[in-house]
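Everything below concerns the one structure shown next.
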Amino acid sequence: EFEQRRAALARVYLDRDQSEKAALKSAREWMELAVEGSSIGLWDWDLRTNTSYYAPFWKRQLGYGEDEFGGSWEEWWDVVHPDDRERLARAFQRQMRDPGSRYEIEFRLRHKDGSYRWFLSRATVFLDGAGQPYRMIGSHLDVTDRKHAEEERDRVFTLAPDLMCVGTFDGQLKRVNPSWQRVLGFTFDELRARTLWELVHPEDRERTLTVVRNLSRGVNLTDFENRYRCKDGSYKWIQWTAAIVADDELIYAAGRDITARKRADKELAQARDQA
């Protein structure tokens with residue numbers, strides 16, 4: 001619905017006379033009311049004059065009052081995070097070369113209080129009668145909370161002492177944490193070049209495939225133990241907990257190295273047998 005409204009707003013620009021300018025003002029007000037409840041800030045960039053219109057809610061997203069943030073491109077560029085500017089400039093250049101392509105990018109803008117907020121920006125480029133881009137109309141959605149949650153998740157994933165991974169039902173690893181190299185000795189590139197089943201001990205392979213088939217049917221996995229080959233040819237025992245995300249058809253798993261415990265259990269059993 002929002003995309004339809006944005007397209008309707010754009011059509012107002014096709015006629016430049018005073019009556020259409022009045023209609024434009026009315027359309028802007030209508031759009032702003034329609035999307036403000038969705039926490040979306042609107043912007044409108046005139047490519048020919050290099051000036052922009054920022055809706056009141058767009059300004060409030062950055063802590064500004066309606067009269068505190070101007071309409072120049074330079075003023076907007078100044079609040080873009082320095083680390084995001086090159087990526088953002090490339091996105092704009094790509095959009096100008098291919099106006100019909102999808103424009104969607106996440107980047108940071110400096111809030112009035114000096115902090116940076118993450119925004120998801122989507123936009124449409126409009127062409128004049130000669131087929132040249134003359135206007136870009138878009139929206140900003142504040143995704144700071146989501147980005148912070150993702151960063152926290154990534155820190156946990158990276159620092160976890162256990163083996164963490166995301167894989168497919170056919171044994172391809174999509175993502176692993178550094179503990180894989182610490183425990184098994186393989187880099188991610190080396191793991192990605194083979195299926196996980198190639199590393200499973202031959203005696204454990206059929207049990208492992210059965211468990212994966214059960215996972216594909218929605219049966220979550222806890223405390224499953226099998227052996228994985230290390231880069232040096234030795235084997236380590238890993239205890240797994242896993243679940244699937246059906247929509248993605250991916251397995252999310254965590255594995256703990258229990259080799260020392262297995263060795264201790266075996267030595268204890270041998271000692272009992274000899275007693």
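Letters for chains follow the order of the structure tokens (A, B, ...), residue numbers begin at 1 for each chain, and ligand numbers begin at 1 in the order shown.
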Discussion item. Which of range 161-224 of chain A end up as strand (DSSP E) when DSSP is run on this backbone - answer as a PyMOL selection string?
Written reply: chain A and resi 163-167+173-176+221-224
Selected residues written out with all heavy atoms, as an mmCIF file, in the first residue's frame:
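Okay, this is what ended up in result_22.cif:
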data_model
loop_
_atom_site.group_PDB
_atom_site.id
_atom_site.type_symbol
_atom_site.label_atom_id
_atom_site.label_comp_id
_atom_site.auth_asym_id
_atom_site.auth_seq_id
_atom_site.Cartn_x
_atom_site.Cartn_y
_atom_site.Cartn_z
ATOM 1 N N LEU A 163 31.046 -25.071 19.336
ATOM 2 C CA LEU A 163 30.939 -24.995 17.885
ATOM 3 C C LEU A 163 29.531 -24.516 17.539
ATOM 4 O O LEU A 163 28.544 -25.149 17.924
ATOM 5 C CB LEU A 163 31.186 -26.362 17.245
ATOM 6 C CG LEU A 163 32.634 -26.816 17.067
ATOM 7 C CD1 LEU A 163 33.321 -27.047 18.406
ATOM 8 C CD2 LEU A 163 32.689 -28.102 16.237
ATOM 9 N N MET A 164 29.430 -23.411 16.822
ATOM 10 C CA MET A 164 28.147 -22.881 16.393
ATOM 11 C C MET A 164 28.126 -22.893 14.875
ATOM 12 O O MET A 164 29.130 -22.561 14.226
ATOM 13 C CB MET A 164 27.946 -21.455 16.886
ATOM 14 C CG MET A 164 28.208 -21.252 18.370
ATOM 15 S SD MET A 164 26.864 -21.822 19.407
ATOM 16 C CE MET A 164 25.685 -20.505 19.166
ATOM 17 N N CYS A 165 26.980 -23.270 14.296
ATOM 18 C CA CYS A 165 26.926 -23.316 12.840
ATOM 19 C C CYS A 165 25.509 -23.177 12.328
ATOM 20 O O CYS A 165 24.530 -23.395 13.050
ATOM 21 C CB CYS A 165 27.540 -24.622 12.320
ATOM 22 S SG CYS A 165 26.604 -26.108 12.722
ATOM 23 N N VAL A 166 25.433 -22.807 11.052
ATOM 24 C CA VAL A 166 24.181 -22.807 10.288
ATOM 25 C C VAL A 166 24.465 -23.634 9.049
ATOM 26 O O VAL A 166 25.448 -23.386 8.335
ATOM 27 C CB VAL A 166 23.754 -21.386 9.883
ATOM 28 C CG1 VAL A 166 22.443 -21.433 9.101
ATOM 29 C CG2 VAL A 166 23.639 -20.486 11.103
ATOM 30 N N GLY A 167 23.647 -24.649 8.809
ATOM 31 C CA GLY A 167 23.901 -25.542 7.682
ATOM 32 C C GLY A 167 22.626 -25.985 6.999
ATOM 33 O O GLY A 167 21.513 -25.692 7.455
ATOM 34 N N LEU A 173 27.784 -26.287 5.057
ATOM 35 C CA LEU A 173 27.843 -25.286 6.114
ATOM 36 C C LEU A 173 27.748 -23.892 5.512
ATOM 37 O O LEU A 173 28.508 -23.536 4.621
ATOM 38 C CB LEU A 173 29.141 -25.424 6.903
ATOM 39 C CG LEU A 173 29.222 -26.641 7.833
ATOM 40 C CD1 LEU A 173 30.627 -26.810 8.376
ATOM 41 C CD2 LEU A 173 28.222 -26.504 8.981
ATOM 42 N N LYS A 174 26.808 -23.104 6.022
ATOM 43 C CA LYS A 174 26.630 -21.732 5.562
ATOM 44 C C LYS A 174 27.414 -20.748 6.419
ATOM 45 O O LYS A 174 27.870 -19.710 5.933
ATOM 46 C CB LYS A 174 25.146 -21.353 5.593
ATOM 47 C CG LYS A 174 24.271 -22.152 4.654
ATOM 48 C CD LYS A 174 24.577 -21.810 3.212
ATOM 49 C CE LYS A 174 23.592 -22.463 2.262
ATOM 50 N NZ LYS A 174 23.897 -22.154 0.845
ATOM 51 N N ARG A 175 27.549 -21.079 7.688
ATOM 52 C CA ARG A 175 28.255 -20.186 8.603
ATOM 53 C C ARG A 175 28.752 -20.990 9.796
ATOM 54 O O ARG A 175 28.050 -21.870 10.293
ATOM 55 C CB ARG A 175 27.320 -19.063 9.076
ATOM 56 C CG ARG A 175 28.006 -17.986 9.894
ATOM 57 C CD ARG A 175 27.034 -16.911 10.330
ATOM 58 N NE ARG A 175 27.713 -15.899 11.104
ATOM 59 C CZ ARG A 175 27.092 -14.946 11.804
ATOM 60 N NH1 ARG A 175 25.771 -14.910 11.823
ATOM 61 N NH2 ARG A 175 27.775 -14.046 12.480
ATOM 62 N N VAL A 176 29.966 -20.704 10.229
ATOM 63 C CA VAL A 176 30.519 -21.329 11.430
ATOM 64 C C VAL A 176 31.217 -20.253 12.253
ATOM 65 O O VAL A 176 31.619 -19.212 11.727
ATOM 66 C CB VAL A 176 31.512 -22.462 11.092
ATOM 67 C CG1 VAL A 176 30.846 -23.557 10.272
ATOM 68 C CG2 VAL A 176 32.748 -21.927 10.384
ATOM 69 N N LEU A 221 16.688 -31.515 18.138
ATOM 70 C CA LEU A 221 17.732 -32.432 18.574
ATOM 71 C C LEU A 221 18.385 -31.918 19.847
ATOM 72 O O LEU A 221 18.720 -30.735 19.950
ATOM 73 C CB LEU A 221 18.797 -32.547 17.476
ATOM 74 C CG LEU A 221 20.078 -33.311 17.804
ATOM 75 C CD1 LEU A 221 19.773 -34.793 17.958
ATOM 76 C CD2 LEU A 221 21.106 -33.096 16.704
ATOM 77 N N THR A 222 18.562 -32.810 20.835
ATOM 78 C CA THR A 222 19.302 -32.466 22.048
ATOM 79 C C THR A 222 20.206 -33.629 22.431
ATOM 80 O O THR A 222 19.823 -34.793 22.325
ATOM 81 C CB THR A 222 18.361 -32.162 23.230
ATOM 82 O OG1 THR A 222 17.498 -33.291 23.459
ATOM 83 C CG2 THR A 222 17.518 -30.927 22.956
ATOM 84 N N ASP A 223 21.421 -33.296 22.839
ATOM 85 C CA ASP A 223 22.367 -34.257 23.406
ATOM 86 C C ASP A 223 22.714 -35.419 22.469
ATOM 87 O O ASP A 223 22.931 -36.552 22.921
ATOM 88 C CB ASP A 223 21.834 -34.825 24.741
ATOM 89 C CG ASP A 223 21.610 -33.735 25.770
ATOM 90 O OD1 ASP A 223 22.318 -32.711 25.697
ATOM 91 O OD2 ASP A 223 20.733 -33.894 26.635
ATOM 92 N N PHE A 224 22.786 -35.139 21.185
ATOM 93 C CA PHE A 224 23.234 -36.165 20.237
ATOM 94 C C PHE A 224 24.758 -36.126 20.161
ATOM 95 O O PHE A 224 25.360 -35.060 20.028
ATOM 96 C CB PHE A 224 22.636 -35.916 18.856
ATOM 97 C CG PHE A 224 23.162 -36.852 17.804
ATOM 98 C CD1 PHE A 224 22.778 -38.188 17.772
ATOM 99 C CD2 PHE A 224 24.064 -36.403 16.846
ATOM 100 C CE1 PHE A 224 23.266 -39.056 16.811
ATOM 101 C CE2 PHE A 224 24.558 -37.260 15.880
ATOM 102 C CZ PHE A 224 24.156 -38.594 15.855
#
Practice prompt. Please provide as a ChimeraX atom specification all residues within 6 Å of Gly71 in chain A, with the sequence filter that same-chain residues fewer than 6 positions apart are discarded (counting only C-alpha atoms).
Written response: /A:51-53
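Proximity to Trp197 in chain A at 10 Å, evaluated using only C-alpha atoms and with sequence-adjacent residues fewer than 5 positions away removed, yields Asp170, Gly171, Gln172, Pro202, Asp204, Arg205, Glu206, Thr208, Leu209 and Tyr228 of chain A.
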Write the residues of the preceding selection, restricted to N, CA, C and O atoms, as a PDB file, in the first residue's frame.
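Output saved as out_30.pdb:
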ATOM      1  N   ASP A 170      21.619 -31.043   3.387  1.00  0.00           N
ATOM      2  CA  ASP A 170      22.542 -31.894   2.641  1.00  0.00           C
ATOM      3  C   ASP A 170      23.985 -31.765   3.129  1.00  0.00           C
ATOM      4  O   ASP A 170      24.915 -32.231   2.478  1.00  0.00           O
ATOM      5  N   GLY A 171      24.176 -31.122   4.296  1.00  0.00           N
ATOM      6  CA  GLY A 171      25.497 -31.112   4.912  1.00  0.00           C
ATOM      7  C   GLY A 171      26.400 -29.968   4.526  1.00  0.00           C
ATOM      8  O   GLY A 171      27.592 -29.981   4.878  1.00  0.00           O
ATOM      9  N   GLN A 172      25.861 -28.946   3.856  1.00  0.00           N
ATOM     10  CA  GLN A 172      26.676 -27.780   3.506  1.00  0.00           C
ATOM     11  C   GLN A 172      26.614 -26.752   4.636  1.00  0.00           C
ATOM     12  O   GLN A 172      25.533 -26.400   5.092  1.00  0.00           O
ATOM     13  N   PRO A 202      32.968 -42.768  10.164  1.00  0.00           N
ATOM     14  CA  PRO A 202      32.161 -43.732   9.391  1.00  0.00           C
ATOM     15  C   PRO A 202      31.171 -44.519  10.244  1.00  0.00           C
ATOM     16  O   PRO A 202      30.057 -44.818   9.792  1.00  0.00           O
ATOM     17  N   ASP A 204      29.588 -43.480  12.761  1.00  0.00           N
ATOM     18  CA  ASP A 204      28.521 -42.603  13.257  1.00  0.00           C
ATOM     19  C   ASP A 204      27.679 -42.001  12.135  1.00  0.00           C
ATOM     20  O   ASP A 204      26.691 -41.299  12.405  1.00  0.00           O
ATOM     21  N   ARG A 205      28.061 -42.268  10.894  1.00  0.00           N
ATOM     22  CA  ARG A 205      27.444 -41.548   9.778  1.00  0.00           C
ATOM     23  C   ARG A 205      25.968 -41.867   9.622  1.00  0.00           C
ATOM     24  O   ARG A 205      25.148 -40.970   9.433  1.00  0.00           O
ATOM     25  N   GLU A 206      25.592 -43.125   9.698  1.00  0.00           N
ATOM     26  CA  GLU A 206      24.195 -43.490   9.496  1.00  0.00           C
ATOM     27  C   GLU A 206      23.318 -42.913  10.598  1.00  0.00           C
ATOM     28  O   GLU A 206      22.216 -42.420  10.343  1.00  0.00           O
ATOM     29  N   THR A 208      23.918 -40.235  12.259  1.00  0.00           N
ATOM     30  CA  THR A 208      23.859 -38.792  12.040  1.00  0.00           C
ATOM     31  C   THR A 208      22.848 -38.450  10.952  1.00  0.00           C
ATOM     32  O   THR A 208      22.048 -37.515  11.095  1.00  0.00           O
ATOM     33  N   LEU A 209      22.844 -39.201   9.861  1.00  0.00           N
ATOM     34  CA  LEU A 209      21.890 -38.947   8.779  1.00  0.00           C
ATOM     35  C   LEU A 209      20.455 -39.177   9.238  1.00  0.00           C
ATOM     36  O   LEU A 209      19.542 -38.457   8.823  1.00  0.00           O
ATOM     37  N   TYR A 228      33.815 -36.343  14.963  1.00  0.00           N
ATOM     38  CA  TYR A 228      34.222 -35.589  13.778  1.00  0.00           C
ATOM     39  C   TYR A 228      35.736 -35.661  13.609  1.00  0.00           C
ATOM     40  O   TYR A 228      36.486 -35.577  14.582  1.00  0.00           O
TER      41      TYR A 228
END
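Comparing A:Leu109, A:Ile238, A:Ile244, A:Val143 by their smallest distance to Lys262 in chain A, the closest is A:Ile238 (using only C-alpha atoms).
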Taking 5 positions as the minimum chain separation for residues in the same chain, which residues sit within 12 Å of Arg85 in chain A when counting only C-alpha atoms? Answer as a JSON list (two decimals) with all heavy atoms, in the first residue's frame.
[["chain", "number", "residue", "atom", "x", "y", "z"],
["A", 76, "TRP", "N", 22.50, 17.05, 4.42],
["A", 76, "TRP", "CA", 22.20, 15.63, 4.65],
["A", 76, "TRP", "C", 23.47, 14.79, 4.63],
["A", 76, "TRP", "O", 23.69, 13.94, 5.50],
["A", 76, "TRP", "CB", 21.22, 15.13, 3.58],
["A", 76, "TRP", "CG", 20.99, 13.66, 3.66],
["A", 76, "TRP", "CD1", 20.15, 13.00, 4.50],
["A", 76, "TRP", "CD2", 21.65, 12.66, 2.87],
["A", 76, "TRP", "NE1", 20.23, 11.65, 4.29],
["A", 76, "TRP", "CE2", 21.14, 11.41, 3.30],
["A", 76, "TRP", "CE3", 22.59, 12.68, 1.86],
["A", 76, "TRP", "CZ2", 21.57, 10.21, 2.74],
["A", 76, "TRP", "CZ3", 23.01, 11.49, 1.29],
["A", 76, "TRP", "CH2", 22.50, 10.28, 1.73],
["A", 77, "TRP", "N", 24.34, 15.02, 3.66],
["A", 77, "TRP", "CA", 25.57, 14.24, 3.53],
["A", 77, "TRP", "C", 26.45, 14.38, 4.76],
["A", 77, "TRP", "O", 27.15, 13.46, 5.16],
["A", 77, "TRP", "CB", 26.33, 14.67, 2.28],
["A", 77, "TRP", "CG", 27.49, 13.80, 1.91],
["A", 77, "TRP", "CD1", 28.81, 14.11, 1.97],
["A", 77, "TRP", "CD2", 27.43, 12.45, 1.40],
["A", 77, "TRP", "NE1", 29.58, 13.06, 1.54],
["A", 77, "TRP", "CE2", 28.76, 12.03, 1.18],
["A", 77, "TRP", "CE3", 26.38, 11.58, 1.11],
["A", 77, "TRP", "CZ2", 29.07, 10.77, 0.68],
["A", 77, "TRP", "CZ3", 26.69, 10.31, 0.63],
["A", 77, "TRP", "CH2", 28.01, 9.92, 0.42],
["A", 78, "ASP", "N", 26.38, 15.54, 5.40],
["A", 78, "ASP", "CA", 27.21, 15.80, 6.58],
["A", 78, "ASP", "C", 26.83, 14.89, 7.74],
["A", 78, "ASP", "O", 27.69, 14.60, 8.59],
["A", 78, "ASP", "CB", 27.07, 17.27, 6.99],
["A", 78, "ASP", "CG", 27.95, 17.61, 8.18],
["A", 78, "ASP", "OD1", 29.20, 17.49, 8.05],
["A", 78, "ASP", "OD2", 27.42, 17.99, 9.25],
["A", 79, "VAL", "N", 25.57, 14.44, 7.82],
["A", 79, "VAL", "CA", 25.17, 13.60, 8.95],
["A", 79, "VAL", "C", 25.29, 12.11, 8.63],
["A", 79, "VAL", "O", 25.03, 11.26, 9.50],
["A", 79, "VAL", "CB", 23.73, 13.92, 9.42],
["A", 79, "VAL", "CG1", 23.62, 15.37, 9.83],
["A", 79, "VAL", "CG2", 22.70, 13.57, 8.35],
["A", 80, "VAL", "N", 25.69, 11.76, 7.40],
["A", 80, "VAL", "CA", 25.92, 10.35, 7.07],
["A", 80, "VAL", "C", 27.20, 9.89, 7.75],
["A", 80, "VAL", "O", 28.22, 10.60, 7.75],
["A", 80, "VAL", "CB", 26.05, 10.16, 5.54],
["A", 80, "VAL", "CG1", 26.43, 8.72, 5.21],
["A", 80, "VAL", "CG2", 24.75, 10.55, 4.85],
["A", 90, "ARG", "N", 28.08, 4.74, -3.97],
["A", 90, "ARG", "CA", 28.03, 3.72, -5.01],
["A", 90, "ARG", "C", 26.59, 3.32, -5.29],
["A", 90, "ARG", "O", 26.22, 3.09, -6.44],
["A", 90, "ARG", "CB", 28.85, 2.49, -4.61],
["A", 90, "ARG", "CG", 30.36, 2.70, -4.66],
["A", 90, "ARG", "CD", 31.08, 1.36, -4.68],
["A", 90, "ARG", "NE", 30.74, 0.53, -3.55],
["A", 90, "ARG", "CZ", 31.40, 0.50, -2.39],
["A", 90, "ARG", "NH1", 32.44, 1.30, -2.22],
["A", 90, "ARG", "NH2", 31.03, -0.29, -1.40],
["A", 91, "ALA", "N", 25.79, 3.23, -4.24],
["A", 91, "ALA", "CA", 24.38, 2.86, -4.42],
["A", 91, "ALA", "C", 23.65, 3.92, -5.23],
["A", 91, "ALA", "O", 22.84, 3.60, -6.11],
["A", 91, "ALA", "CB", 23.71, 2.67, -3.05],
["A", 92, "PHE", "N", 23.91, 5.19, -4.96],
["A", 92, "PHE", "CA", 23.28, 6.27, -5.73],
["A", 92, "PHE", "C", 23.72, 6.21, -7.19],
["A", 92, "PHE", "O", 22.90, 6.35, -8.10],
["A", 92, "PHE", "CB", 23.65, 7.63, -5.13],
["A", 92, "PHE", "CG", 22.84, 8.01, -3.93],
["A", 92, "PHE", "CD1", 23.45, 8.59, -2.83],
["A", 92, "PHE", "CD2", 21.48, 7.81, -3.88],
["A", 92, "PHE", "CE1", 22.72, 8.96, -1.71],
["A", 92, "PHE", "CE2", 20.73, 8.16, -2.77],
["A", 92, "PHE", "CZ", 21.36, 8.74, -1.68],
["A", 105, "ILE", "N", 18.86, 0.12, 0.96],
["A", 105, "ILE", "CA", 20.16, 0.14, 1.60],
["A", 105, "ILE", "C", 20.01, 0.53, 3.07],
["A", 105, "ILE", "O", 19.10, 1.27, 3.43],
["A", 105, "ILE", "CB", 21.11, 1.12, 0.86],
["A", 105, "ILE", "CG1", 22.55, 1.01, 1.40],
["A", 105, "ILE", "CG2", 20.60, 2.54, 0.94],
["A", 105, "ILE", "CD1", 23.56, 1.77, 0.57],
["A", 106, "GLU", "N", 20.91, 0.01, 3.90],
["A", 106, "GLU", "CA", 20.95, 0.38, 5.32],
["A", 106, "GLU", "C", 22.23, 1.17, 5.59],
["A", 106, "GLU", "O", 23.30, 0.79, 5.14],
["A", 106, "GLU", "CB", 20.88, -0.87, 6.20],
["A", 106, "GLU", "CG", 19.55, -1.61, 6.10],
["A", 106, "GLU", "CD", 19.49, -2.83, 7.00],
["A", 106, "GLU", "OE1", 20.52, -3.15, 7.65],
["A", 106, "GLU", "OE2", 18.43, -3.48, 7.05],
["A", 107, "PHE", "N", 22.09, 2.26, 6.33],
["A", 107, "PHE", "CA", 23.25, 3.09, 6.66],
["A", 107, "PHE", "C", 22.93, 3.89, 7.92],
["A", 107, "PHE", "O", 21.79, 3.88, 8.41],
["A", 107, "PHE", "CB", 23.61, 4.01, 5.49],
["A", 107, "PHE", "CG", 22.50, 4.91, 5.05],
["A", 107, "PHE", "CD1", 22.32, 6.17, 5.60],
["A", 107, "PHE", "CD2", 21.60, 4.48, 4.07],
["A", 107, "PHE", "CE1", 21.28, 6.99, 5.20],
["A", 107, "PHE", "CE2", 20.56, 5.31, 3.66],
["A", 107, "PHE", "CZ", 20.40, 6.56, 4.23],
["A", 108, "ARG", "N", 23.95, 4.60, 8.41],
["A", 108, "ARG", "CA", 23.80, 5.35, 9.66],
["A", 108, "ARG", "C", 23.76, 6.85, 9.41],
["A", 108, "ARG", "O", 24.48, 7.37, 8.57],
["A", 108, "ARG", "CB", 24.96, 5.03, 10.60],
["A", 108, "ARG", "CG", 24.92, 3.63, 11.18],
["A", 108, "ARG", "CD", 26.27, 3.21, 11.72],
["A", 108, "ARG", "NE", 27.21, 2.95, 10.62],
["A", 108, "ARG", "CZ", 28.45, 2.50, 10.80],
["A", 108, "ARG", "NH1", 28.92, 2.29, 12.02],
["A", 108, "ARG", "NH2", 29.23, 2.27, 9.76],
["A", 109, "LEU", "N", 22.90, 7.52, 10.18],
["A", 109, "LEU", "CA", 22.83, 8.97, 10.18],
["A", 109, "LEU", "C", 23.05, 9.48, 11.61],
["A", 109, "LEU", "O", 22.61, 8.83, 12.58],
["A", 109, "LEU", "CB", 21.47, 9.46, 9.68],
["A", 109, "LEU", "CG", 21.13, 9.17, 8.21],
["A", 109, "LEU", "CD1", 19.71, 9.65, 7.91],
["A", 109, "LEU", "CD2", 22.11, 9.85, 7.27]]
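For the set A:Gln274, A:Thr259, A:Asn220, A:Thr158, the residue with the smallest atom-to-atom gap to Thr241 in chain A is A:Asn220, counting only C-alpha atoms.
Counting from CA of Leu250 in chain A, the distance to CA of Trp118 in chain A is 27.7 Å.
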Item to complete: Excluding Met96 in chain A and residues on its chain fewer than 5 positions from it, collect all residues at most 9 Å away from it, counting only C-alpha atoms, and give them as a ChimeraX atom specification.
Response: /A:91,125,132-133
Keeping only all heavy atoms, write the selected residues as a compact mmCIF listing (two decimals), in the first residue's frame.
# COMPACT_ATOMS: atom_id res chain seq x y z
N ALA A 91 25.79 3.23 -4.24
CA ALA A 91 24.38 2.86 -4.42
C ALA A 91 23.65 3.92 -5.23
O ALA A 91 22.84 3.60 -6.11
CB ALA A 91 23.71 2.67 -3.05
N VAL A 125 13.33 6.11 -8.39
CA VAL A 125 13.81 7.19 -9.24
C VAL A 125 12.79 7.41 -10.35
O VAL A 125 12.30 6.45 -10.95
CB VAL A 125 15.19 6.86 -9.85
CG1 VAL A 125 15.59 7.90 -10.88
CG2 VAL A 125 16.24 6.76 -8.75
N GLN A 132 15.59 10.96 -18.52
CA GLN A 132 16.66 11.24 -17.57
C GLN A 132 16.11 11.30 -16.14
O GLN A 132 15.01 11.84 -15.91
CB GLN A 132 17.34 12.56 -17.91
CG GLN A 132 18.05 12.57 -19.26
CD GLN A 132 19.13 11.51 -19.33
OE1 GLN A 132 19.99 11.42 -18.44
NE2 GLN A 132 19.10 10.71 -20.38
N PRO A 133 16.85 10.77 -15.16
CA PRO A 133 16.40 10.87 -13.77
C PRO A 133 16.27 12.33 -13.34
O PRO A 133 17.18 13.13 -13.58
CB PRO A 133 17.51 10.16 -12.99
CG PRO A 133 18.20 9.30 -13.99
CD PRO A 133 18.13 10.04 -15.28
Discussion item. Env of Trp237 in chain A: 9 Å cut, atoms = only C-alpha atoms, seq-sep filter 6 positions within chain, self excluded. Answer as number ranges by chain.
Written reply: A: 225-228, 256-260, 262
Output C-alpha atoms for every residue in that selection, as a JSON list (two decimals), in the first residue's frame.
[["chain", "number", "residue", "atom", "x", "y", "z"],
["A", 225, "GLU", "CA", 26.84, -37.38, 20.26],
["A", 226, "ASN", "CA", 29.05, -38.27, 17.29],
["A", 227, "ARG", "CA", 32.68, -38.06, 16.21],
["A", 228, "TYR", "CA", 34.22, -35.59, 13.78],
["A", 256, "ARG", "CA", 30.36, -29.06, 22.57],
["A", 257, "ASP", "CA", 33.68, -30.88, 22.54],
["A", 258, "ILE", "CA", 33.24, -33.77, 25.00],
["A", 259, "THR", "CA", 36.34, -35.72, 23.96],
["A", 260, "ALA", "CA", 38.01, -35.34, 27.37],
["A", 262, "LYS", "CA", 34.54, -39.52, 26.83]]
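By chain and then residue number, the residues within 9 Å of range 93-95 of chain A are A:Ser101, A:Arg102, A:Tyr103, A:Thr124, A:Val125, counting only C-alpha atoms and disregarding those fewer than 6 positions away in sequence.
One distance worth recording is that between CA of Tyr235 in chain A and CA of Arg207 in chain A, which is 16.5 Å.
One finds CA of Glu74 in chain A at 26.0 Å from CA of Gly131 in chain A.
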Practice prompt. Would you mind telling me which residue in A:Ala123, A:Leu42, A:Asp98, A:Glu86 lies nearest to Met136 in chain A when using only C-alpha atoms?
Written response: A:Ala123
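If you measure from each of A:Val212, A:Ala55, A:Leu141, A:Leu199 to Ser39 in chain A using only C-alpha atoms, the closest one turns out to be A:Leu141.
You can rank A:Ala253, A:Leu62, A:Leu88, A:Leu191 by their closest distance to Phe157 in chain A using only C-alpha atoms, and at the top of that list sits A:Ala253.
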